[in-house]
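A.B. asks: TSV, C-alpha atoms, saved as run14.tsv, coming up:
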chain	number	residue	atom	x	y	z
A	1455	MET	CA	-3.80	-24.50	-12.44
A	1456	THR	CA	-2.06	-24.97	-9.10
A	1457	SER	CA	-1.83	-22.89	-5.93
A	1458	SER	CA	1.66	-23.92	-4.89
A	1459	ARG	CA	4.06	-21.31	-3.51
A	1460	LEU	CA	5.84	-19.19	-6.08
A	1461	SER	CA	9.30	-20.17	-7.19
A	1462	GLU	CA	12.28	-18.17	-5.93
A	1463	THR	CA	13.21	-17.22	-9.48
A	1464	THR	CA	11.68	-14.38	-11.43
A	1465	ASN	CA	10.23	-16.87	-13.92
A	1466	SER	CA	7.49	-18.66	-12.01
A	1467	ALA	CA	5.26	-21.05	-13.93
A	1468	SER	CA	2.22	-19.72	-15.71
A	1469	THR	CA	-1.18	-21.34	-15.41
A	1470	LYS	CA	-2.24	-23.96	-17.95
A	1471	ASP	CA	-4.34	-21.49	-19.91
A	1472	ASN	CA	-1.51	-18.93	-19.92
A	1473	ARG	CA	-3.68	-16.22	-18.40
A	1474	LEU	CA	-1.53	-15.83	-15.30
A	1475	HIS	CA	2.15	-15.18	-14.77
A	1476	LEU	CA	3.46	-14.51	-11.27
A	1477	GLU	CA	6.93	-13.07	-10.94
A	1478	ARG	CA	8.93	-12.67	-7.75
A	1479	LEU	CA	11.26	-9.69	-7.49
A	1480	VAL	CA	11.91	-10.17	-3.75
A	1481	SER	CA	12.60	-13.22	-1.58
A	1482	VAL	CA	10.53	-14.55	1.34
A	1483	LYS	CA	13.29	-16.76	2.74
A	1484	ALA	CA	16.20	-15.73	4.99
A	1485	PRO	CA	17.47	-12.32	3.89
A	1486	THR	CA	20.17	-12.25	1.25
A	1487	ALA	CA	23.14	-9.86	1.41
A	1488	THR	CA	21.18	-7.38	-0.70
A	1489	GLU	CA	18.20	-7.56	1.63
A	1490	ILE	CA	20.41	-7.17	4.69
A	1491	ASN	CA	21.65	-3.93	3.14
A	1492	ALA	CA	18.01	-2.96	2.67
A	1493	GLY	CA	17.72	-3.33	6.47
A	1494	CYS	CA	19.74	-0.13	6.75
A	1495	ASP	CA	16.39	1.65	7.05
A	1496	VAL	CA	15.70	-0.37	10.21
A	1497	VAL	CA	19.13	0.45	11.66
A	1498	SER	CA	18.74	4.11	10.81
A	1499	GLY	CA	15.21	4.33	12.21
A	1500	LEU	CA	15.92	2.54	15.49
A	1501	THR	CA	19.15	4.43	16.24
A	1502	GLN	CA	17.75	7.93	15.71
A	1503	THR	CA	15.81	10.03	18.23
A	1504	PRO	CA	12.84	9.73	18.15
A	1505	LYS	CA	12.78	6.16	16.80
A	1506	SER	CA	10.79	5.22	13.70
A	1507	LEU	CA	10.29	2.37	11.23
A	1508	PRO	CA	9.11	2.39	7.59
A	1509	PRO	CA	5.47	1.25	7.14
A	1510	LYS	CA	6.56	-1.36	4.55
A	1511	TYR	CA	7.44	-3.63	7.51
A	1512	PHE	CA	3.72	-3.95	8.29
A	1513	TYR	CA	3.24	-6.14	5.24
A	1514	ASP	CA	4.27	-9.72	5.69
A	1515	ASP	CA	1.52	-12.27	5.02
A	1516	ARG	CA	-0.04	-11.84	8.47
A	1517	GLY	CA	0.14	-8.06	8.25
A	1518	SER	CA	-1.54	-8.09	4.83
A	1519	ASN	CA	-4.36	-10.26	6.17
A	1520	LEU	CA	-4.81	-8.01	9.21
A	1521	PHE	CA	-5.01	-4.98	6.95
A	1522	GLU	CA	-7.78	-6.68	4.97
A	1523	LEU	CA	-9.67	-7.05	8.28
A	1524	ILE	CA	-9.06	-3.38	9.13
A	1525	CYS	CA	-10.67	-2.38	5.84
A	1526	LYS	CA	-13.93	-4.05	6.97
A	1527	LEU	CA	-14.09	-2.40	10.41
A	1528	PRO	CA	-16.98	0.02	11.10
A	1529	GLU	CA	-14.54	2.73	12.26
A	1530	TYR	CA	-12.39	2.49	9.13
A	1531	TYR	CA	-14.33	4.71	6.70
A	1532	VAL	CA	-11.58	4.82	4.05
A	1533	THR	CA	-12.29	1.60	2.15
A	1534	ARG	CA	-16.07	1.85	1.93
A	1535	THR	CA	-15.94	5.57	1.08
A	1536	GLU	CA	-13.44	5.06	-1.72
A	1537	ALA	CA	-15.37	2.04	-3.02
A	1538	ALA	CA	-18.56	4.12	-3.19
A	1539	ILE	CA	-16.73	6.81	-5.18
A	1540	LEU	CA	-15.33	4.16	-7.54
A	1541	GLU	CA	-18.81	2.71	-8.09
A	1542	GLU	CA	-19.92	6.15	-9.24
A	1543	CYS	CA	-16.94	7.04	-11.41
A	1544	ALA	CA	-15.52	3.75	-12.79
A	1545	GLY	CA	-17.46	4.10	-16.03
A	1546	ALA	CA	-16.18	7.63	-16.53
A	1547	ILE	CA	-12.61	6.46	-15.87
A	1548	ALA	CA	-12.95	3.70	-18.47
A	1549	ASN	CA	-14.38	6.17	-20.99
A	1550	LEU	CA	-11.52	8.60	-20.40
A	1551	THR	CA	-8.69	6.07	-20.69
A	1552	GLY	CA	-10.12	3.69	-23.28
A	1553	PRO	CA	-8.63	0.17	-23.35
A	1554	CYS	CA	-5.71	0.11	-20.92
A	1555	GLU	CA	-3.59	-2.11	-18.71
A	1556	ILE	CA	-4.49	-1.63	-15.05
A	1557	VAL	CA	-1.46	-1.63	-12.71
A	1558	GLU	CA	-2.17	-1.62	-8.97
A	1559	LEU	CA	0.35	-0.82	-6.26
A	1560	GLY	CA	-0.37	-2.70	-3.03
A	1561	SER	CA	-3.12	-4.77	-4.65
A	1562	GLY	CA	-4.00	-6.89	-1.60
A	1563	SER	CA	-7.23	-8.78	-2.25
A	1564	SER	CA	-7.99	-6.57	-5.31
A	1565	THR	CA	-11.50	-5.86	-3.97
A	1566	LYS	CA	-11.78	-2.32	-5.33
A	1567	THR	CA	-10.04	-3.32	-8.56
A	1568	ARG	CA	-13.08	-5.45	-9.42
A	1569	ILE	CA	-15.11	-2.24	-9.74
A	1570	LEU	CA	-12.71	-1.02	-12.42
A	1571	LEU	CA	-12.52	-4.41	-14.14
A	1572	ASP	CA	-16.33	-4.51	-14.30
A	1573	ALA	CA	-16.42	-1.10	-15.97
A	1574	TYR	CA	-13.81	-2.06	-18.57
A	1575	SER	CA	-15.49	-5.43	-19.14
A	1576	GLN	CA	-18.88	-3.78	-19.75
A	1577	ARG	CA	-17.25	-1.81	-22.57
A	1578	GLU	CA	-15.78	-5.05	-23.97
A	1579	TYR	CA	-12.25	-3.74	-23.50
A	1580	PRO	CA	-9.47	-6.33	-23.17
A	1581	LEU	CA	-8.65	-6.95	-19.51
A	1582	HIS	CA	-4.97	-6.82	-18.52
A	1583	TYR	CA	-4.12	-6.50	-14.82
A	1584	LEU	CA	-0.69	-6.08	-13.23
A	1585	PRO	CA	-1.03	-6.34	-9.42
A	1586	ILE	CA	2.00	-5.53	-7.25
A	1587	ASP	CA	2.16	-6.68	-3.64
A	1588	ILE	CA	4.84	-7.67	-1.15
A	1589	SER	CA	2.81	-10.67	0.07
A	1590	PRO	CA	3.07	-13.67	-2.31
A	1591	THR	CA	0.25	-15.51	-0.56
A	1592	ILE	CA	-2.36	-12.79	-0.91
A	1593	LEU	CA	-1.20	-11.92	-4.44
A	1594	GLU	CA	-1.53	-15.50	-5.62
A	1595	SER	CA	-4.88	-16.23	-3.95
A	1596	SER	CA	-6.48	-13.02	-5.24
A	1597	ALA	CA	-5.14	-13.68	-8.75
A	1598	PHE	CA	-6.76	-17.12	-8.87
A	1599	GLN	CA	-10.07	-15.67	-7.65
A	1600	LEU	CA	-9.99	-12.96	-10.33
A	1601	LEU	CA	-9.25	-15.47	-13.10
A	1602	ALA	CA	-12.31	-17.46	-12.05
A	1603	GLU	CA	-14.49	-14.33	-12.10
A	1604	TYR	CA	-13.21	-12.81	-15.38
A	1605	PRO	CA	-12.75	-15.42	-18.14
A	1606	SER	CA	-10.88	-13.06	-20.48
A	1607	LEU	CA	-8.59	-11.53	-17.85
A	1608	GLN	CA	-4.81	-11.66	-18.25
A	1609	ILE	CA	-2.75	-11.19	-15.05
A	1610	HIS	CA	0.95	-10.57	-14.62
A	1611	GLY	CA	1.54	-10.29	-10.87
A	1612	LEU	CA	4.71	-8.97	-9.24
A	1613	VAL	CA	5.78	-9.93	-5.71
A	1614	SER	CA	7.72	-6.76	-5.04
A	1615	THR	CA	8.08	-3.42	-3.34
A	1616	TYR	CA	6.66	-0.44	-5.20
A	1617	GLU	CA	10.05	1.05	-5.95
A	1618	LEU	CA	11.48	-2.09	-7.51
A	1619	ALA	CA	8.34	-2.91	-9.48
A	1620	LEU	CA	7.99	0.59	-10.93
A	1621	ALA	CA	11.57	0.40	-12.16
A	1622	LYS	CA	11.03	-3.05	-13.72
A	1623	ILE	CA	7.61	-3.11	-15.37
A	1624	ALA	CA	7.66	-3.58	-19.13
A	1625	PRO	CA	5.70	-1.38	-21.57
A	1626	SER	CA	1.97	-2.01	-21.63
A	1627	PRO	CA	0.66	-4.60	-24.12
A	1628	LEU	CA	-2.44	-2.39	-24.57
A	1629	PRO	CA	-2.66	1.10	-26.12
A	1630	THR	CA	-2.21	2.76	-22.72
A	1631	ARG	CA	-1.67	2.04	-19.02
A	1632	MET	CA	-3.19	3.27	-15.76
A	1633	ILE	CA	-1.23	2.91	-12.51
A	1634	CYS	CA	-3.60	2.83	-9.52
A	1635	PHE	CA	-2.56	3.82	-6.01
A	1636	LEU	CA	-5.79	3.43	-4.07
A	1637	GLY	CA	-6.57	3.64	-0.37
A	1638	SER	CA	-4.77	6.17	1.80
A	1639	THR	CA	-1.23	4.81	1.43
A	1640	LEU	CA	0.14	8.04	-0.05
A	1641	GLY	CA	-0.35	9.57	3.38
A	1642	ASN	CA	2.32	7.24	4.78
A	1643	LEU	CA	4.96	9.18	2.85
A	1644	SER	CA	6.61	12.39	3.97
A	1645	PRO	CA	6.45	15.36	1.57
A	1646	GLU	CA	9.97	14.54	0.36
A	1647	GLU	CA	9.09	10.87	-0.13
A	1648	CYS	CA	5.96	11.92	-2.04
A	1649	ASP	CA	8.11	13.85	-4.51
A	1650	VAL	CA	10.34	10.82	-5.04
A	1651	PHE	CA	7.31	8.55	-5.44
A	1652	PHE	CA	5.68	10.81	-8.03
A	1653	SER	CA	8.97	10.85	-9.96
A	1654	GLN	CA	8.93	7.04	-9.95
A	1655	ILE	CA	5.35	7.05	-11.25
A	1656	VAL	CA	6.32	9.44	-14.05
A	1657	GLY	CA	9.27	7.19	-14.91
A	1658	ALA	CA	6.99	4.14	-15.18
A	1659	LEU	CA	4.49	5.87	-17.48
A	1660	GLN	CA	4.75	6.84	-21.12
A	1661	PRO	CA	3.53	10.32	-22.09
A	1662	GLY	CA	-0.27	10.32	-22.16
A	1663	GLU	CA	-0.63	7.32	-19.80
A	1664	TYR	CA	-2.65	7.55	-16.60
A	1665	PHE	CA	-2.27	7.61	-12.81
A	1666	LEU	CA	-5.30	7.07	-10.54
A	1667	LEU	CA	-4.62	8.28	-7.00
A	1668	GLY	CA	-6.72	7.94	-3.86
A	1669	ILE	CA	-6.18	10.45	-1.04
A	1670	ASP	CA	-7.70	10.71	2.42
A	1671	LEU	CA	-8.92	14.25	3.02
A	1672	ASP	CA	-8.42	16.28	6.19
A	1673	LYS	CA	-11.25	16.01	8.72
A	1674	SER	CA	-11.95	16.08	12.46
A	1675	LYS	CA	-10.00	13.91	14.92
A	1676	GLU	CA	-13.32	12.49	16.16
A	1677	ILE	CA	-13.59	10.68	12.82
A	1678	LEU	CA	-9.89	10.04	12.27
A	1679	GLU	CA	-8.68	8.64	15.58
A	1680	PRO	CA	-11.14	5.71	15.89
A	1681	ALA	CA	-10.20	4.64	12.35
A	1682	TYR	CA	-6.65	3.99	13.61
A	1683	ASP	CA	-7.52	2.69	17.08
A	1684	ASP	CA	-10.58	0.48	16.64
A	1685	SER	CA	-12.61	-1.01	19.46
A	1686	GLN	CA	-11.79	-4.61	18.44
A	1687	GLY	CA	-8.01	-4.08	18.61
A	1688	VAL	CA	-7.35	-5.16	15.01
A	1689	THR	CA	-5.26	-2.08	14.25
A	1690	ALA	CA	-3.28	-2.65	17.44
A	1691	ALA	CA	-2.53	-6.23	16.32
A	1692	PHE	CA	-1.53	-4.91	12.89
A	1693	ASN	CA	0.85	-2.40	14.44
A	1694	LEU	CA	2.43	-4.91	16.83
A	1695	ASN	CA	2.84	-7.41	14.01
A	1696	MET	CA	5.55	-5.14	12.60
A	1697	LEU	CA	7.76	-6.24	15.50
A	1698	ARG	CA	6.98	-9.90	14.81
A	1699	HIS	CA	7.94	-9.35	11.17
A	1700	LEU	CA	11.27	-7.80	12.19
A	1701	ASN	CA	11.93	-10.69	14.59
A	1702	ARG	CA	11.60	-13.17	11.76
A	1703	LYS	CA	13.33	-11.16	9.06
A	1704	TYR	CA	16.30	-9.95	11.10
A	1705	GLU	CA	16.57	-12.51	13.93
A	1706	GLY	CA	15.11	-10.15	16.50
A	1707	ASN	CA	13.82	-10.70	20.03
A	1708	PHE	CA	11.12	-8.04	20.37
A	1709	ASP	CA	8.69	-9.16	23.10
A	1710	LEU	CA	5.32	-8.04	21.75
A	1711	THR	CA	3.76	-8.18	25.22
A	1712	GLN	CA	6.12	-5.38	26.31
A	1713	PHE	CA	4.94	-2.91	23.66
A	1714	GLU	CA	1.55	-1.29	23.12
A	1715	HIS	CA	-0.26	0.42	20.26
A	1716	TRP	CA	-0.72	4.20	20.44
A	1717	ALA	CA	-2.44	6.29	17.74
A	1718	PHE	CA	-3.43	9.98	17.70
A	1719	TYR	CA	-4.14	12.85	15.32
A	1720	ASN	CA	-1.38	15.46	15.12
A	1721	GLN	CA	-3.45	18.46	14.10
A	1722	ALA	CA	-0.47	20.77	13.52
A	1723	GLU	CA	0.93	18.39	10.90
A	1724	CYS	CA	-2.48	17.18	9.59
A	1725	GLN	CA	-1.50	13.56	10.14
A	1726	ILE	CA	-2.42	10.52	12.15
A	1727	GLU	CA	0.59	9.03	13.94
A	1728	MET	CA	0.85	5.38	15.00
A	1729	HIS	CA	3.46	4.44	17.57
A	1730	LEU	CA	4.65	1.34	19.41
A	1731	LYS	CA	5.24	2.31	23.03
A	1732	SER	CA	7.66	0.42	25.28
A	1733	LYS	CA	6.05	-0.62	28.57
A	1734	LYS	CA	9.39	-0.89	30.35
A	1735	ALA	CA	13.09	-0.13	30.03
A	1736	GLN	CA	14.47	-2.91	27.82
A	1737	THR	CA	17.09	-3.93	25.26
A	1738	VAL	CA	16.11	-5.52	21.95
A	1739	ASN	CA	18.60	-7.33	19.72
A	1740	LEU	CA	18.35	-7.80	15.95
A	1741	ARG	CA	21.14	-10.28	15.31
A	1742	GLY	CA	20.68	-10.23	11.54
A	1743	LEU	CA	21.54	-6.53	11.58
A	1744	ASN	CA	24.13	-6.71	14.39
A	1745	LEU	CA	22.00	-4.19	16.26
A	1746	ALA	CA	21.11	-3.72	19.94
A	1747	VAL	CA	18.41	-1.13	20.70
A	1748	GLU	CA	17.80	0.43	24.13
A	1749	PHE	CA	14.29	1.53	25.09
A	1750	ALA	CA	13.32	3.69	28.05
A	1751	VAL	CA	9.95	3.11	29.68
A	1752	GLY	CA	7.33	4.94	27.62
A	1753	GLU	CA	9.68	5.46	24.66
A	1754	THR	CA	8.05	4.94	21.28
A	1755	ILE	CA	8.78	3.81	17.75
A	1756	ARG	CA	6.75	5.77	15.23
A	1757	SER	CA	5.52	3.08	12.85
A	1758	GLU	CA	3.33	5.17	10.57
A	1759	ILE	CA	2.22	8.61	9.65
A	1760	SER	CA	-0.99	8.97	7.67
A	1761	ARG	CA	-1.13	12.49	6.29
A	1762	LYS	CA	-4.48	13.98	5.36
A	1763	PHE	CA	-4.73	16.18	2.29
A	1764	LYS	CA	-6.63	19.03	0.68
A	1765	LEU	CA	-7.70	18.37	-2.92
A	1766	PRO	CA	-6.59	21.69	-4.49
A	1767	ASN	CA	-3.12	21.41	-2.94
A	1768	MET	CA	-2.65	17.84	-4.15
A	1769	GLN	CA	-3.77	18.72	-7.67
A	1770	GLU	CA	-1.17	21.48	-7.80
A	1771	GLN	CA	1.55	19.17	-6.52
A	1772	LEU	CA	0.72	16.47	-9.08
A	1773	ALA	CA	0.68	18.96	-11.95
A	1774	SER	CA	4.06	20.31	-10.89
A	1775	ARG	CA	5.49	16.77	-11.15
A	1776	GLY	CA	4.16	16.23	-14.68
A	1777	LEU	CA	1.00	14.36	-13.64
A	1778	VAL	CA	-1.79	16.58	-14.94
A	1779	PRO	CA	-5.20	16.07	-13.22
A	1780	VAL	CA	-7.86	15.13	-15.75
A	1781	GLN	CA	-10.81	14.68	-13.40
A	1782	VAL	CA	-11.46	14.60	-9.65
A	1783	TRP	CA	-14.17	12.77	-7.70
A	1784	THR	CA	-15.13	12.86	-4.03
A	1785	ASP	CA	-17.96	11.73	-1.72
A	1786	PRO	CA	-20.79	13.89	-0.31
A	1787	ASN	CA	-18.95	14.26	3.03
A	1788	GLN	CA	-15.70	15.30	1.34
A	1789	TRP	CA	-13.89	12.58	3.30
A	1790	PHE	CA	-11.96	11.03	0.43
A	1791	GLY	CA	-10.83	11.97	-3.07
A	1792	LEU	CA	-9.89	10.22	-6.30
A	1793	ILE	CA	-7.74	12.02	-8.86
A	1794	LEU	CA	-7.20	10.74	-12.40
A	1795	CYS	CA	-4.01	12.21	-13.85
A	1796	GLN	CA	-2.30	11.95	-17.21
A	1797	ARG	CA	1.45	12.09	-17.68
A	1798	SER	CA	2.28	15.22	-19.60
A	1799	VAL	CA	3.76	14.81	-23.08
Could you rewrite the structure in this file as structure tokens?

C.D. replies:
Amino acid sequence: MTSSRLSETTNSASTKDNRLHLERLVSVKAPTATEINAGCDVVSGLTQTPKSLPPKYFYDDRGSNLFELICKLPEYYVTRTEAAILEECAGAIANLTGPCEIVELGSGSSTKTRILLDAYSQREYPLHYLPIDISPTILESSAFQLLAEYPSLQIHGLVSTYELALAKIAPSPLPTRMICFLGSTLGNLSPEECDVFFSQIVGALQPGEYFLLGIDLDKSKEILEPAYDDSQGVTAAFNLNMLRHLNRKYEGNFDLTQFEHWAFYNQAECQIEMHLKSKKAQTVNLRGLNLAVEFAVGETIRSEISRKFKLPNMQEQLASRGLVPVQVWTDPNQWFGLILCQRSV
């Protein structure tokens, strides 16, 4: 077993015991023509008023590592609250699904996935895990750690965006499959993007297969705002790293010292908003996209929304998309919810 970087082909080498296969669906080198076209979302976002960028540009290797640090911050309640719910309900999830392949979107370090793997292992179910993450480094390192912890585990990891991976994954080798979308990432999507995403989930599942969704529930701004503007400045570094990522990917010259992190709760829209605010009037060039962007002093780029949900409304929306809620779990404070759905026949 080696820990060398993944090959640029989609057929990277498996480990010696054939328990791991890592497949790259996207490149980490200079952008290809296809990836330059994908940069249309950057061009569109930075030339509209107000400016915005898709949250996927948070997640290069450094961004993924910073997000792992955010998850451990005292202000960031999301990870520990969801983990506590999973500890309570993982056995029930395993009983409901029976033996199944676990697919995780945005797997990161797979910390919460271990709770599910433990529950399936205790029932002596075969363990098949398909993690999907845009960061090859974190995907590979977490896969090797999991293999060491679970001797019977089979892993097929995909270095990919969600959209591409959901369109590409093969049928499950086990009787059923459960796609997991944990954390609060659904809140990054607009209502229209949510509808598209749920359609992609339905397309990746066979009738009767499962979707496990985590959602952050609406609560007071006194709880929400510190979670996105922590006292140690980790979230600020995470937000600013988006500009560093764009510099590298599209030959940009963003000066990170001339932008600052700004996060607040928009109560009317029930969403946290994260922005990058320009400290001065300036011009930024992205040569790889043939783009020059003018900023006025105080002008912002909205880098993320994080919508907060109500459980009954989300259950109705899922059911209307063909993802029928089977069971719902939450914590005593009603801060976070987990919904297990089944694709309708």

A.B. asks: Hey, what's within 9 Å of Gly1611 in chain A if we count all atoms listed in the file and toss same-chain stuff fewer than 2 positions away? As a list of chain:residue names, please?

C.D. replies: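 Neighbouring residues, sequence-local ones excluded: A:Leu1474, A:His1475, A:Leu1476, A:Glu1477, A:Arg1478, A:Tyr1583, A:Leu1584, A:Pro1585, A:Ile1586, A:Asp1587, A:Leu1593, A:Glu1594, A:Ala1597, A:Ile1609, A:Val1613.
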
A.B. asks: What's around Ile1726 in chain A at 12 Å? Count only C-alpha atoms, leave out sequence neighbours fewer than 6 positions away in its own chain, and write the answer as a PyMOL selection string.

C.D. replies: chain A and resi 1638+1641-1643+1670-1683+1716-1720+1756-1763

A.B. asks: Interatomic distance between CA of Leu1571 in chain A and CA of Leu1628 in chain A?

C.D. replies: 14.6 Å

A.B. asks: Using all atoms listed in the file, which of A:Leu1792, A:Leu1500, A:Met1728, A:Leu1618 sits nearest Gln1654 in chain A?

C.D. replies: A:Leu1618

A.B. asks: Write out as number ranges by chain each polymer residue whose atoms come within 12 Å of Pro1786 in chain A, counting all atoms listed in the file; drop sequence neighbours fewer than 2 positions from it.

C.D. replies: A: 1535-1536, 1538-1539, 1542, 1783-1784, 1788-1791

A.B. asks: How would the residues just chosen look if you wrote them out with C-alpha atoms as an mmCIF file, in the frame of the given file?

C.D. replies:
data_model
loop_
_atom_site.group_PDB
_atom_site.id
_atom_site.type_symbol
_atom_site.label_atom_id
_atom_site.label_comp_id
_atom_site.auth_asym_id
_atom_site.auth_seq_id
_atom_site.Cartn_x
_atom_site.Cartn_y
_atom_site.Cartn_z
ATOM 1 C CA THR A 1535 -15.940 5.570 1.080
ATOM 2 C CA GLU A 1536 -13.440 5.060 -1.720
ATOM 3 C CA ALA A 1538 -18.560 4.120 -3.190
ATOM 4 C CA ILE A 1539 -16.730 6.810 -5.180
ATOM 5 C CA GLU A 1542 -19.920 6.150 -9.240
ATOM 6 C CA TRP A 1783 -14.170 12.770 -7.700
ATOM 7 C CA THR A 1784 -15.130 12.860 -4.030
ATOM 8 C CA GLN A 1788 -15.700 15.300 1.340
ATOM 9 C CA TRP A 1789 -13.890 12.580 3.300
ATOM 10 C CA PHE A 1790 -11.960 11.030 0.430
ATOM 11 C CA GLY A 1791 -10.830 11.970 -3.070
#

A.B. asks: Can you work out which one of A:Cys1554, A:Leu1730, A:Val1650, A:Val1738 has the shortest atom-to-atom distance to Ala1690 in chain A, counting only C-alpha atoms?

C.D. replies: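 Using only C-alpha atoms, Ala1690 in chain A sits closest to A:Leu1730.
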
A.B. asks: Calculated over all atoms listed in the file, which of the candidates A:Gln1771, A:Gln1686, A:Gln1660, A:Ser1561 has the smallest distance to Glu1529 in chain A?

C.D. replies: A:Gln1686

A.B. asks: So how many Å separate CA of Ser1626 in chain A and CA of Pro1553 in chain A, to one decimal?

C.D. replies: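 Straight-line distance from CA of Ser1626 in chain A to CA of Pro1553 in chain A works out to 11.0 Å.
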
A.B. asks: Within 12 Å of (-7.2, -16.7, -0.5) (coordinates as in the file), grab all the protein and nucleic acid residues, counting only C-alpha atoms, and write them out as a PDB file with C-alpha atoms, in the frame of the given file.

C.D. replies:
ATOM      1  CA  SER A1457      -1.830 -22.890  -5.930  1.00  0.00           C
ATOM      2  CA  ASP A1515       1.520 -12.270   5.020  1.00  0.00           C
ATOM      3  CA  SER A1518      -1.540  -8.090   4.830  1.00  0.00           C
ATOM      4  CA  ASN A1519      -4.360 -10.260   6.170  1.00  0.00           C
ATOM      5  CA  GLU A1522      -7.780  -6.680   4.970  1.00  0.00           C
ATOM      6  CA  GLY A1562      -4.000  -6.890  -1.600  1.00  0.00           C
ATOM      7  CA  SER A1563      -7.230  -8.780  -2.250  1.00  0.00           C
ATOM      8  CA  SER A1564      -7.990  -6.570  -5.310  1.00  0.00           C
ATOM      9  CA  SER A1589       2.810 -10.670   0.070  1.00  0.00           C
ATOM     10  CA  PRO A1590       3.070 -13.670  -2.310  1.00  0.00           C
ATOM     11  CA  THR A1591       0.250 -15.510  -0.560  1.00  0.00           C
ATOM     12  CA  ILE A1592      -2.360 -12.790  -0.910  1.00  0.00           C
ATOM     13  CA  LEU A1593      -1.200 -11.920  -4.440  1.00  0.00           C
ATOM     14  CA  GLU A1594      -1.530 -15.500  -5.620  1.00  0.00           C
ATOM     15  CA  SER A1595      -4.880 -16.230  -3.950  1.00  0.00           C
ATOM     16  CA  SER A1596      -6.480 -13.020  -5.240  1.00  0.00           C
ATOM     17  CA  ALA A1597      -5.140 -13.680  -8.750  1.00  0.00           C
ATOM     18  CA  PHE A1598      -6.760 -17.120  -8.870  1.00  0.00           C
ATOM     19  CA  GLN A1599     -10.070 -15.670  -7.650  1.00  0.00           C
ATOM     20  CA  LEU A1600      -9.990 -12.960 -10.330  1.00  0.00           C
TER      21      LEU A1600
END

A.B. asks: Can you list, as a VMD selection string, every protein, DNA or RNA residue that comes within 12 Å of Ala1691 in chain A when you count only C-alpha atoms, leaving out same-chain residues fewer than 3 positions away?

C.D. replies: chain A and resid 1512 1516 to 1521 1523 to 1524 1682 to 1688 1694 to 1698 1710 to 1711 1713 to 1716 1730

A.B. asks: Rounded to one decimal in Å, what is the spacing between CA of Ser1644 in chain A and CA of Asn1787 in chain A?

C.D. replies: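 We find that CA of Ser1644 in chain A and CA of Asn1787 in chain A lie 25.6 Å from each other.
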
A.B. asks: Which residue, A:Ile1588, A:Ser1498, A:Val1557, A:Gly1668, has the smallest gap to Ala1624 in chain A when you use all atoms listed in the file?

C.D. replies: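 Residue with the minimum atom-to-atom distance to Ala1624 in chain A: A:Val1557.
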
A.B. asks: From the list A:Val1747, A:Leu1667, A:Ile1556, A:Val1656, which residue is nearest Ser1774 in chain A when using all atoms listed in the file?

C.D. replies: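 Closest residue, counting all atoms listed in the file: A:Val1656.
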
A.B. asks: Go through A:Ile1755, A:Cys1525, A:Leu1666, A:Val1532 one by one, measure the shortest atom-to-atom distance of each to Gln1796 in chain A using all atoms listed in the file, and give the residue with the smallest value.

C.D. replies: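 Nearest candidate to Gln1796 in chain A out of A:Ile1755, A:Cys1525, A:Leu1666, A:Val1532: A:Leu1666.
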